[in-house]
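Visitor: Below you will find the structure I want to go over with you.
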Amino acid sequence: MPVSTGVRRRREGVMLRARPDNEEALEALQAHARLVIQSAARVLGSVSEAEDVAQDLAERLLRSPPRDVRHWPALLKTMAVNTAIDRLRRRREEPVSSEPATEQGPPDALDRALQAQVLRNALAQLSTRDAALYSLYYLADLRQADIARQLSMTPSAVGVALHRVRQRLTALVQAQLHTESNGEAS
């Protein structure tokens, strides 16, 4: 997506125009697009949905670019993870098809896919802050100090919060697996 002052793009009836004050944000997104897509894909489990997240971020940056950004990669990674978590929550609210999966493949691949889906469902049940903490640390590979700066916390508070998030996530995953093993719909 080339960036210039006169760039126009129409989406859902909204005309967007890049201005000099938000070119920096779009250039940062363009420079770190791979990082954004990888971060979102780890949360969503889908590259095509992750690309949609990147597009959503570009539109958001066009509308209201952040000011005085110290570290664009950390900000963009956080924005991508949070947007991906929002998508997970919307997906969770949509009705799920009861048709059996038609994917063929080794049992290990199906087990990993099931584990990933259970984790995504559990993440969607956490608070936004807790889901962001978990995703930034475990899925986006940010250090606790970076997360602390991004979320205005101390590194030790991030460590404590991550411990509590892991406990809640473990309970949610176990409850979901228990429900599924009893044959109930989740």
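Here's how to read the names in the structure tokens: chain A, B, ... by the order shown, residue numbers from 1 in each chain, ligand numbers from 1 in the order shown.
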Name the residues in contact with range 32-37 of chain A at a cut-off of 12 Å, using only C-alpha atoms, excluding same-chain residues fewer than 5 positions from it; report them as a VMD selection string.
Guide: chain A and resid 1 25 to 27 42 to 58 71 to 84 136 139 to 142
Visitor: Select from range 64-99 of chain A every residue with an atom at most 10 Å from any atom of range 107-130 of chain A, then for each give the shortest pair of atoms and their distance in Å to one decimal, using only C-alpha atoms, rows by chain and rising number, as JSON lines.
Guide:
{"residue": "A:Asn82", "atom": "CA", "partner": "A:Thr128", "partner_atom": "CA", "distance": 7.5}
{"residue": "A:Ala84", "atom": "CA", "partner": "A:Ala124", "partner_atom": "CA", "distance": 9.9}
{"residue": "A:Ile85", "atom": "CA", "partner": "A:Ala124", "partner_atom": "CA", "distance": 6.5}
{"residue": "A:Asp86", "atom": "CA", "partner": "A:Ala124", "partner_atom": "CA", "distance": 7.9}
{"residue": "A:Arg87", "atom": "CA", "partner": "A:Ala124", "partner_atom": "CA", "distance": 8.9}
{"residue": "A:Leu88", "atom": "CA", "partner": "A:Ala124", "partner_atom": "CA", "distance": 5.8}
{"residue": "A:Arg89", "atom": "CA", "partner": "A:Ala124", "partner_atom": "CA", "distance": 5.1}
{"residue": "A:Arg90", "atom": "CA", "partner": "A:Ala124", "partner_atom": "CA", "distance": 8.8}
{"residue": "A:Arg91", "atom": "CA", "partner": "A:Ala124", "partner_atom": "CA", "distance": 9.1}
{"residue": "A:Arg92", "atom": "CA", "partner": "A:Asn121", "partner_atom": "CA", "distance": 7.0}
{"residue": "A:Glu93", "atom": "CA", "partner": "A:Ala124", "partner_atom": "CA", "distance": 9.9}
Visitor: How about saving the chosen residues, all heavy atoms kept, as a short mmCIF file (atom, residue, chain, number, x, y, z; two decimals), in the first residue's frame?
Guide:
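Final output, result.cif:
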data_model
loop_
_atom_site.label_atom_id
_atom_site.label_comp_id
_atom_site.auth_asym_id
_atom_site.auth_seq_id
_atom_site.Cartn_x
_atom_site.Cartn_y
_atom_site.Cartn_z
N ASN A 82 -4.84 -6.42 20.01
CA ASN A 82 -6.14 -5.99 20.54
C ASN A 82 -7.25 -6.09 19.49
O ASN A 82 -8.36 -6.53 19.80
CB ASN A 82 -6.05 -4.57 21.09
CG ASN A 82 -5.28 -4.51 22.38
OD1 ASN A 82 -5.13 -5.50 23.09
ND2 ASN A 82 -4.77 -3.33 22.69
N ALA A 84 -7.26 -8.14 16.95
CA ALA A 84 -7.49 -9.58 16.74
C ALA A 84 -8.35 -10.16 17.85
O ALA A 84 -9.25 -10.97 17.60
CB ALA A 84 -6.15 -10.31 16.64
N ILE A 85 -8.10 -9.74 19.09
CA ILE A 85 -8.92 -10.22 20.21
C ILE A 85 -10.37 -9.76 20.03
O ILE A 85 -11.30 -10.53 20.28
CB ILE A 85 -8.33 -9.73 21.55
CG1 ILE A 85 -7.01 -10.46 21.82
CG2 ILE A 85 -9.31 -9.96 22.70
CD1 ILE A 85 -6.19 -9.87 22.95
N ASP A 86 -10.56 -8.53 19.58
CA ASP A 86 -11.92 -8.05 19.31
C ASP A 86 -12.60 -8.92 18.25
O ASP A 86 -13.78 -9.25 18.38
CB ASP A 86 -11.91 -6.59 18.85
CG ASP A 86 -11.56 -5.63 19.97
OD1 ASP A 86 -11.63 -6.04 21.15
OD2 ASP A 86 -11.19 -4.47 19.66
N ARG A 87 -11.86 -9.30 17.23
CA ARG A 87 -12.41 -10.19 16.19
C ARG A 87 -12.78 -11.55 16.78
O ARG A 87 -13.79 -12.13 16.41
CB ARG A 87 -11.43 -10.37 15.04
CG ARG A 87 -11.44 -9.24 14.08
CD ARG A 87 -10.49 -9.52 12.92
NE ARG A 87 -10.60 -8.46 11.97
CZ ARG A 87 -11.34 -8.51 10.87
NH1 ARG A 87 -12.00 -9.60 10.59
NH2 ARG A 87 -11.40 -7.49 10.06
N LEU A 88 -11.94 -12.06 17.68
CA LEU A 88 -12.25 -13.33 18.34
C LEU A 88 -13.56 -13.24 19.10
O LEU A 88 -14.38 -14.15 19.06
CB LEU A 88 -11.14 -13.72 19.32
CG LEU A 88 -9.92 -14.43 18.78
CD1 LEU A 88 -8.94 -14.70 19.91
CD2 LEU A 88 -10.29 -15.72 18.10
N ARG A 89 -13.73 -12.14 19.79
CA ARG A 89 -14.97 -11.96 20.56
C ARG A 89 -16.18 -11.90 19.64
O ARG A 89 -17.22 -12.48 19.94
CB ARG A 89 -14.88 -10.70 21.42
CG ARG A 89 -13.95 -10.89 22.57
CD ARG A 89 -14.08 -9.77 23.58
NE ARG A 89 -13.25 -10.10 24.72
CZ ARG A 89 -12.21 -9.38 25.11
NH1 ARG A 89 -11.89 -8.28 24.49
NH2 ARG A 89 -11.50 -9.76 26.14
N ARG A 90 -16.06 -11.18 18.53
CA ARG A 90 -17.19 -11.12 17.58
C ARG A 90 -17.46 -12.50 16.99
O ARG A 90 -18.61 -12.89 16.82
CB ARG A 90 -16.90 -10.10 16.48
CG ARG A 90 -17.09 -8.67 16.92
CD ARG A 90 -17.13 -7.72 15.76
NE ARG A 90 -15.96 -7.78 14.90
CZ ARG A 90 -14.86 -7.07 15.06
NH1 ARG A 90 -14.75 -6.24 16.08
NH2 ARG A 90 -13.86 -7.18 14.23
N ARG A 91 -16.40 -13.24 16.69
CA ARG A 91 -16.54 -14.57 16.13
C ARG A 91 -17.24 -15.49 17.13
O ARG A 91 -18.07 -16.31 16.76
CB ARG A 91 -15.17 -15.15 15.78
CG ARG A 91 -15.25 -16.50 15.09
CD ARG A 91 -13.92 -17.19 15.00
NE ARG A 91 -12.88 -16.43 14.35
CZ ARG A 91 -11.59 -16.74 14.45
NH1 ARG A 91 -11.20 -17.76 15.18
NH2 ARG A 91 -10.68 -16.03 13.84
N ARG A 92 -16.91 -15.34 18.40
CA ARG A 92 -17.50 -16.17 19.45
C ARG A 92 -19.00 -15.91 19.58
O ARG A 92 -19.77 -16.79 19.93
CB ARG A 92 -16.80 -15.88 20.77
CG ARG A 92 -17.10 -16.87 21.83
CD ARG A 92 -16.21 -16.63 23.04
NE ARG A 92 -17.02 -16.85 24.22
CZ ARG A 92 -17.35 -15.94 25.10
NH1 ARG A 92 -16.90 -14.73 24.98
NH2 ARG A 92 -18.10 -16.23 26.11
N GLU A 93 -19.41 -14.68 19.29
CA GLU A 93 -20.82 -14.33 19.39
C GLU A 93 -21.64 -14.83 18.20
O GLU A 93 -22.85 -14.91 18.28
CB GLU A 93 -20.97 -12.81 19.52
CG GLU A 93 -20.42 -12.28 20.83
CD GLU A 93 -20.32 -10.77 20.87
OE1 GLU A 93 -20.69 -10.11 19.87
OE2 GLU A 93 -19.87 -10.25 21.90
#
Visitor: From the list A:Leu133, A:Asp146, A:Ala31, A:His178, which residue is nearest Ala161 in chain A when using only C-alpha atoms?
Guide: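 Looking only at the distances to Ala161 in chain A, the closest residue turns out to be A:Leu133.
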